[in-house]
Amino acid sequence: MSAAPILPGATLGVLGGGQLGRMFALAARRMGYRVAVLVPGDDSPTGQVADREISARYDDLEAVEELARSVEVVSFEFENVPSATVAAAARHAPLRPPGALLHASQNRLREKRALGGLGLPVAPHAAVETPDDLGAAARRVGFPAILKTAAWGYDGKGQRRVESEAGLEAAWRELGAGPSVLEAEVPFVAEISIVGARGLDGEVALYEPFLNHHAAHILDVTVVPAPVTAATRAEAEAIGRAVLEGFDVAGLLCVEMFLLEDGGLVVNEVAPRPHNSGHLTIDAHVTSQFEQQVRAVCGLPLGSVDRLGPAAAMANLLGDLWSPEGPPRWPAALADPAVRLHLYGKGEMRPGRKMGHLTVVAADAAEAERRVRNARSALVG
Ligand code: AMP
């Protein structure tokens with residue numbers, strides 16, 4: 001069964017006002033849709049480019065219902081949307097991707113169980129909820145291990161590396177002594193991600209795997225094509241498809257994975273929304289991940305995921321690049337004519353805050369990565 005498509009001219013709703021909502025809204029408006037966003041605060045990155053910005057907290061259910069009544073579909077740009085908010089929105093408009101995927105991705109234990117239930121490879125792990133769980137978890141998982149809070153974690157927040165059982169209890173207390181998951185440290189050779197979409201009719205489109213470099217647990221640079229074999233690519237795509245189909249998703253998501261030395265993959269986490277590693281699709285692919293999200297949640301045919309050039313790389317611009325002496329040296333970065341600048345319209349710079357990104361399309365992956373890194377370095381000269 002596939003519902004009637006939501007056509008250009010209609011209004012699309014977004015929960016969350018950050019850069020992901022902004023780039024979704026830009027794609028939607030280019031296609032002739034109107035966009036309404038609900039975000040605490042005003043002049044948000046999304047609100048700046050949307051038709052309507054409702055300034056309200058996510059637990060203001062009247063405001064959430066007001067948003068949902070005024071749109072044809074509600075999507076979201078961050079996964080920690082409270083379940084009461086999801087329910088309030090869903091009373092008036094379909095929520096895409098569906099609440100079940102959102103619910104699983106909000107909690108690392110639920111997420112691991114759901115992924116394992118789909119038969120997907122996840123790291124050995126154990127729940128730690130009380131001090132009594134520590135010993136059994138240590139024996140089950142072994143060391144080194146990573147202890148993560150079960151809820152509200154992203155970009156390495158709420159996690160500690162633990163080298164032996166001796167340090168486990170202290171790490172758990174440092175993280176707040178709440179529900180947590182201890183997982184084996186995966187000896188990965190690289191980190192990759194798969195961004196994919198599924199339409200209302202079940203059509204699936206998966207971008208090629210992206211190679212991701214992190215710095216201080218935050219995505220730093222993404223490169224395509226990723227140096228993976230055809231077999232690994234096929235496995236990554238099968239994992240992306242399994243999550244899209246397993247959760248009956250209409251929408252777009254990203255699966256982050258660890259690549260092992262033997263070419264095998266271990267799933268780290270699922271983001272039920274566009275992902276930072278997919279930003280290079282704006283400049284490097286026929287259809288950007290944001291246009292694909294629009295198409296998927298509106299029930300339109302999905303766009304081509306073909307790459308436009310031989311290779312591309314994206315470098316994040318964090319708040320650290322701004323100094324008291326002034327803004328980054330934009331002309332210096334743009335001196336390479338292949339560099340494309342994306343800024344998110346955030347007023348306040350903070351270390352670690354994602355302010356924008358640069359993308360370069362080039363003849364090969366190494367050249368794209370070198371040029372995008374050089375351009376970013378030139379910003380602070
Ligand atoms: P996460 O917050 O789960 O996305 O983790 C952030 C980063 O921490 C990942 O991208 C990895 O670089 C690292 N990391 C997280 N979990 C593990 C693990 N089980 N083994 C090795 N590295 C990990």
# chains A, B, ... in the order shown; residues from 1 in each chain; ligands from 1
$ residues_near_ligand --ligand "ligand 1" --cutoff "8 Å" --atoms "only C-alpha atoms and all ligand atoms" --output "PyMOL selection string"
chain A and resi 123+145-146+148+153-159+183-188+191+214+217-219+256+258+268-269
$ residues_around --residues "Leu109 in chain A" --least-positions-apart "6" --cutoff "8 Å" --atoms "only C-alpha atoms" --output "number ranges by chain"
A: 127, 150, 180-181
$ write_last_selection --atoms "all heavy atoms" --output "PDB file, in the first residue's frame"
ATOM      1  N   ALA A 127      24.481  -5.075  29.568  1.00  0.00           N
ATOM      2  CA  ALA A 127      23.832  -3.962  30.263  1.00  0.00           C
ATOM      3  C   ALA A 127      24.436  -3.802  31.654  1.00  0.00           C
ATOM      4  O   ALA A 127      24.766  -4.780  32.312  1.00  0.00           O
ATOM      5  CB  ALA A 127      22.336  -4.237  30.385  1.00  0.00           C
ATOM      6  N   ALA A 150      23.291   4.616  28.435  1.00  0.00           N
ATOM      7  CA  ALA A 150      22.324   4.044  27.489  1.00  0.00           C
ATOM      8  C   ALA A 150      21.569   5.140  26.737  1.00  0.00           C
ATOM      9  O   ALA A 150      21.244   5.003  25.563  1.00  0.00           O
ATOM     10  CB  ALA A 150      21.342   3.138  28.220  1.00  0.00           C
ATOM     11  N   SER A 180      23.539   1.815  31.607  1.00  0.00           N
ATOM     12  CA  SER A 180      24.669   1.951  30.685  1.00  0.00           C
ATOM     13  C   SER A 180      24.864   0.650  29.941  1.00  0.00           C
ATOM     14  O   SER A 180      24.278  -0.373  30.290  1.00  0.00           O
ATOM     15  CB  SER A 180      25.958   2.263  31.463  1.00  0.00           C
ATOM     16  OG  SER A 180      25.778   3.387  32.294  1.00  0.00           O
ATOM     17  N   VAL A 181      25.704   0.713  28.923  1.00  0.00           N
ATOM     18  CA  VAL A 181      26.064  -0.504  28.207  1.00  0.00           C
ATOM     19  C   VAL A 181      27.590  -0.566  28.122  1.00  0.00           C
ATOM     20  O   VAL A 181      28.247   0.432  27.833  1.00  0.00           O
ATOM     21  CB  VAL A 181      25.387  -0.571  26.805  1.00  0.00           C
ATOM     22  CG1 VAL A 181      25.581   0.676  26.011  1.00  0.00           C
ATOM     23  CG2 VAL A 181      25.842  -1.783  26.027  1.00  0.00           C
TER      24      VAL A 181
END
$ atom_distance --atom1 "CA of Arg198 in chain A" --atom2 "CA of Ala250 in chain A"
5.3 Å
$ select_by_dssp --residues "range 110-170 of chain A" --states "strand (DSSP E or B)" --output "list in words"
Val122, His125, Ala126, Ala127, Val128, Ala145, Ile146, Leu147, Lys148, Thr149, Ala151, Gln159, Arg160, Arg161 and Val162 of chain A
$ write_last_selection --atoms "N, CA and C atoms" --output "short mmCIF file (atom, residue, chain, number, x, y, z; two decimals), in the first residue's frame"
data_model
loop_
_atom_site.label_atom_id
_atom_site.label_comp_id
_atom_site.auth_asym_id
_atom_site.auth_seq_id
_atom_site.Cartn_x
_atom_site.Cartn_y
_atom_site.Cartn_z
N VAL A 122 26.74 -6.74 15.89
CA VAL A 122 27.05 -5.64 16.82
C VAL A 122 28.17 -6.12 17.74
N HIS A 125 28.39 -7.02 24.06
CA HIS A 125 28.01 -5.97 25.00
C HIS A 125 27.19 -6.55 26.14
N ALA A 126 27.05 -5.75 27.21
CA ALA A 126 26.24 -6.16 28.35
C ALA A 126 25.66 -4.92 29.01
N ALA A 127 24.48 -5.08 29.57
CA ALA A 127 23.83 -3.96 30.26
C ALA A 127 24.44 -3.80 31.65
N VAL A 128 24.61 -2.53 32.06
CA VAL A 128 25.03 -2.24 33.44
C VAL A 128 24.01 -1.28 34.01
N ALA A 145 37.37 -2.05 26.95
CA ALA A 145 35.96 -1.92 26.63
C ALA A 145 35.57 -0.45 26.68
N ILE A 146 34.39 -0.15 26.11
CA ILE A 146 33.87 1.22 26.17
C ILE A 146 32.57 1.17 26.96
N LEU A 147 32.50 1.99 27.99
CA LEU A 147 31.27 2.09 28.76
C LEU A 147 30.51 3.32 28.26
N LYS A 148 29.24 3.13 27.90
CA LYS A 148 28.44 4.24 27.36
C LYS A 148 27.14 4.35 28.14
N THR A 149 26.71 5.57 28.41
CA THR A 149 25.37 5.72 29.00
C THR A 149 24.36 5.24 27.95
N ALA A 151 21.30 6.26 27.43
CA ALA A 151 20.46 7.30 26.82
C ALA A 151 21.26 8.56 26.49
N GLN A 159 30.65 8.64 27.33
CA GLN A 159 31.33 7.36 27.24
C GLN A 159 32.76 7.44 27.76
N ARG A 160 33.23 6.29 28.25
CA ARG A 160 34.58 6.18 28.82
C ARG A 160 35.21 4.88 28.34
N ARG A 161 36.49 4.96 27.99
CA ARG A 161 37.22 3.73 27.68
C ARG A 161 37.70 3.14 29.00
N VAL A 162 37.54 1.84 29.15
CA VAL A 162 37.92 1.18 30.40
C VAL A 162 38.90 0.06 30.06
#
$ residues_around --residues "Glu79 in chain A" --least-positions-apart "6" --cutoff "9 Å" --atoms "only C-alpha atoms" --output "VMD selection string"
chain A and resid 102 to 103 105 to 106 152 271 to 273
$ residues_around --residues "range 321-326 of chain A" --least-positions-apart "3" --cutoff "8 Å" --atoms "only C-alpha atoms" --output "list in words"
Leu317, Leu318, Met349, Leu379 and Val380 of chain A
$ write_last_selection --atoms "C-alpha atoms" --output "short mmCIF file (atom, residue, chain, number, x, y, z; two decimals), in the first residue's frame"
data_model
loop_
_atom_site.label_atom_id
_atom_site.label_comp_id
_atom_site.auth_asym_id
_atom_site.auth_seq_id
_atom_site.Cartn_x
_atom_site.Cartn_y
_atom_site.Cartn_z
CA LEU A 317 34.21 23.38 10.62
CA LEU A 318 33.95 23.45 14.40
CA MET A 349 30.67 29.77 18.45
CA LEU A 379 41.14 29.33 7.53
CA VAL A 380 43.36 29.85 10.53
#
$ select_by_dssp --residues "range 181-266 of chain A" --states "helix (DSSP H, G or I)" --output "VMD selection string"
chain A and resid 230 to 246
$ write_last_selection --atoms "N, CA and C atoms" --output "compact mmCIF listing (two decimals), in the first residue's frame"
# COMPACT_ATOMS: atom_id res chain seq x y z
N ALA A 230 34.49 -4.80 -3.03
CA ALA A 230 33.10 -4.93 -3.50
C ALA A 230 32.29 -5.75 -2.51
N ALA A 231 32.92 -6.75 -1.88
CA ALA A 231 32.19 -7.60 -0.93
C ALA A 231 31.79 -6.79 0.31
N THR A 232 32.72 -5.95 0.79
CA THR A 232 32.40 -5.13 1.97
C THR A 232 31.32 -4.12 1.63
N ARG A 233 31.43 -3.53 0.44
CA ARG A 233 30.39 -2.58 0.05
C ARG A 233 29.02 -3.25 0.00
N ALA A 234 29.01 -4.46 -0.56
CA ALA A 234 27.73 -5.18 -0.65
C ALA A 234 27.20 -5.50 0.74
N GLU A 235 28.10 -5.84 1.67
CA GLU A 235 27.65 -6.16 3.03
C GLU A 235 27.11 -4.90 3.71
N ALA A 236 27.82 -3.77 3.52
CA ALA A 236 27.36 -2.51 4.13
C ALA A 236 25.99 -2.15 3.59
N GLU A 237 25.80 -2.34 2.30
CA GLU A 237 24.50 -2.02 1.70
C GLU A 237 23.41 -2.96 2.21
N ALA A 238 23.79 -4.22 2.41
CA ALA A 238 22.80 -5.18 2.92
C ALA A 238 22.38 -4.78 4.34
N ILE A 239 23.33 -4.28 5.13
CA ILE A 239 23.01 -3.84 6.50
C ILE A 239 22.08 -2.63 6.43
N GLY A 240 22.41 -1.66 5.58
CA GLY A 240 21.55 -0.47 5.45
C GLY A 240 20.14 -0.86 5.04
N ARG A 241 20.04 -1.75 4.07
CA ARG A 241 18.72 -2.20 3.60
C ARG A 241 17.97 -2.93 4.71
N ALA A 242 18.69 -3.76 5.48
CA ALA A 242 18.03 -4.53 6.54
C ALA A 242 17.44 -3.59 7.59
N VAL A 243 18.14 -2.49 7.91
CA VAL A 243 17.60 -1.57 8.91
C VAL A 243 16.39 -0.84 8.32
N LEU A 244 16.50 -0.36 7.08
CA LEU A 244 15.39 0.36 6.45
C LEU A 244 14.14 -0.52 6.38
N GLU A 245 14.34 -1.78 6.00
CA GLU A 245 13.19 -2.67 5.84
C GLU A 245 12.73 -3.21 7.19
N GLY A 246 13.69 -3.50 8.08
CA GLY A 246 13.35 -4.06 9.38
C GLY A 246 12.48 -3.12 10.21
$ atom_distance --atom1 "CA of His275 in chain A" --atom2 "CA of Pro331 in chain A"
27.4 Å
$ residues_around --residues "Arg34 in chain A" --least-positions-apart "3" --cutoff "10 Å" --atoms "only C-alpha atoms" --output "list in words"
Pro8, Gly9, Ala10, Thr11, Leu12, Gly13, Ala25, Leu26, Ala28, Arg29, Arg30, Met31, Ala50, Asp51, Arg52 and Val71 of chain A
$ closest_residue --among "A:Gly356, A:Pro94, A:Gly99, A:Pro274" --to "Glu72 in chain A" --atoms "only C-alpha atoms"
A:Pro94
$ closest_residue --among "A:Gln19, A:Thr85, A:Ser304, A:Thr229" --to "Leu67 in chain A" --atoms "only C-alpha atoms"
A:Thr85
$ residues_around --residues "His92 in chain A" --least-positions-apart "2" --cutoff "10 Å" --atoms "only C-alpha atoms" --output "ChimeraX atom specification"
/A:64-74,87-90,94-95
$ atom_distance --atom1 "CA of Asp59 in chain A" --atom2 "CA of Val255 in chain A"
27.8 Å
$ residues_around --residues "Asp220 in chain A" --least-positions-apart "3" --cutoff "7 Å" --atoms "only C-alpha atoms" --output "ChimeraX atom specification"
/A:213-215,315-316
$ write_last_selection --atoms "N, CA, C and O atoms" --output "short mmCIF file (atom, residue, chain, number, x, y, z; two decimals), in the first residue's frame"
data_model
loop_
_atom_site.label_atom_id
_atom_site.label_comp_id
_atom_site.auth_asym_id
_atom_site.auth_seq_id
_atom_site.Cartn_x
_atom_site.Cartn_y
_atom_site.Cartn_z
N HIS A 213 36.69 9.86 9.20
CA HIS A 213 37.77 10.07 10.17
C HIS A 213 37.21 10.91 11.31
O HIS A 213 36.62 11.96 11.06
N HIS A 214 37.41 10.45 12.53
CA HIS A 214 36.94 11.20 13.70
C HIS A 214 38.12 11.87 14.40
O HIS A 214 39.25 11.40 14.32
N ALA A 215 37.86 12.96 15.09
CA ALA A 215 38.84 13.58 15.98
C ALA A 215 38.11 13.90 17.27
O ALA A 215 37.05 14.52 17.24
N ALA A 315 35.12 18.35 5.09
CA ALA A 315 35.76 18.62 6.39
C ALA A 315 34.83 19.47 7.22
O ALA A 315 34.31 20.50 6.75
N ASN A 316 34.60 19.05 8.46
CA ASN A 316 33.76 19.83 9.37
C ASN A 316 34.48 21.09 9.83
O ASN A 316 35.69 21.10 10.00
#
$ closest_residue --among "A:Asp132, A:Glu77, A:Asp60, A:Asp336" --to "Leu168 in chain A" --atoms "only C-alpha atoms"
A:Asp132
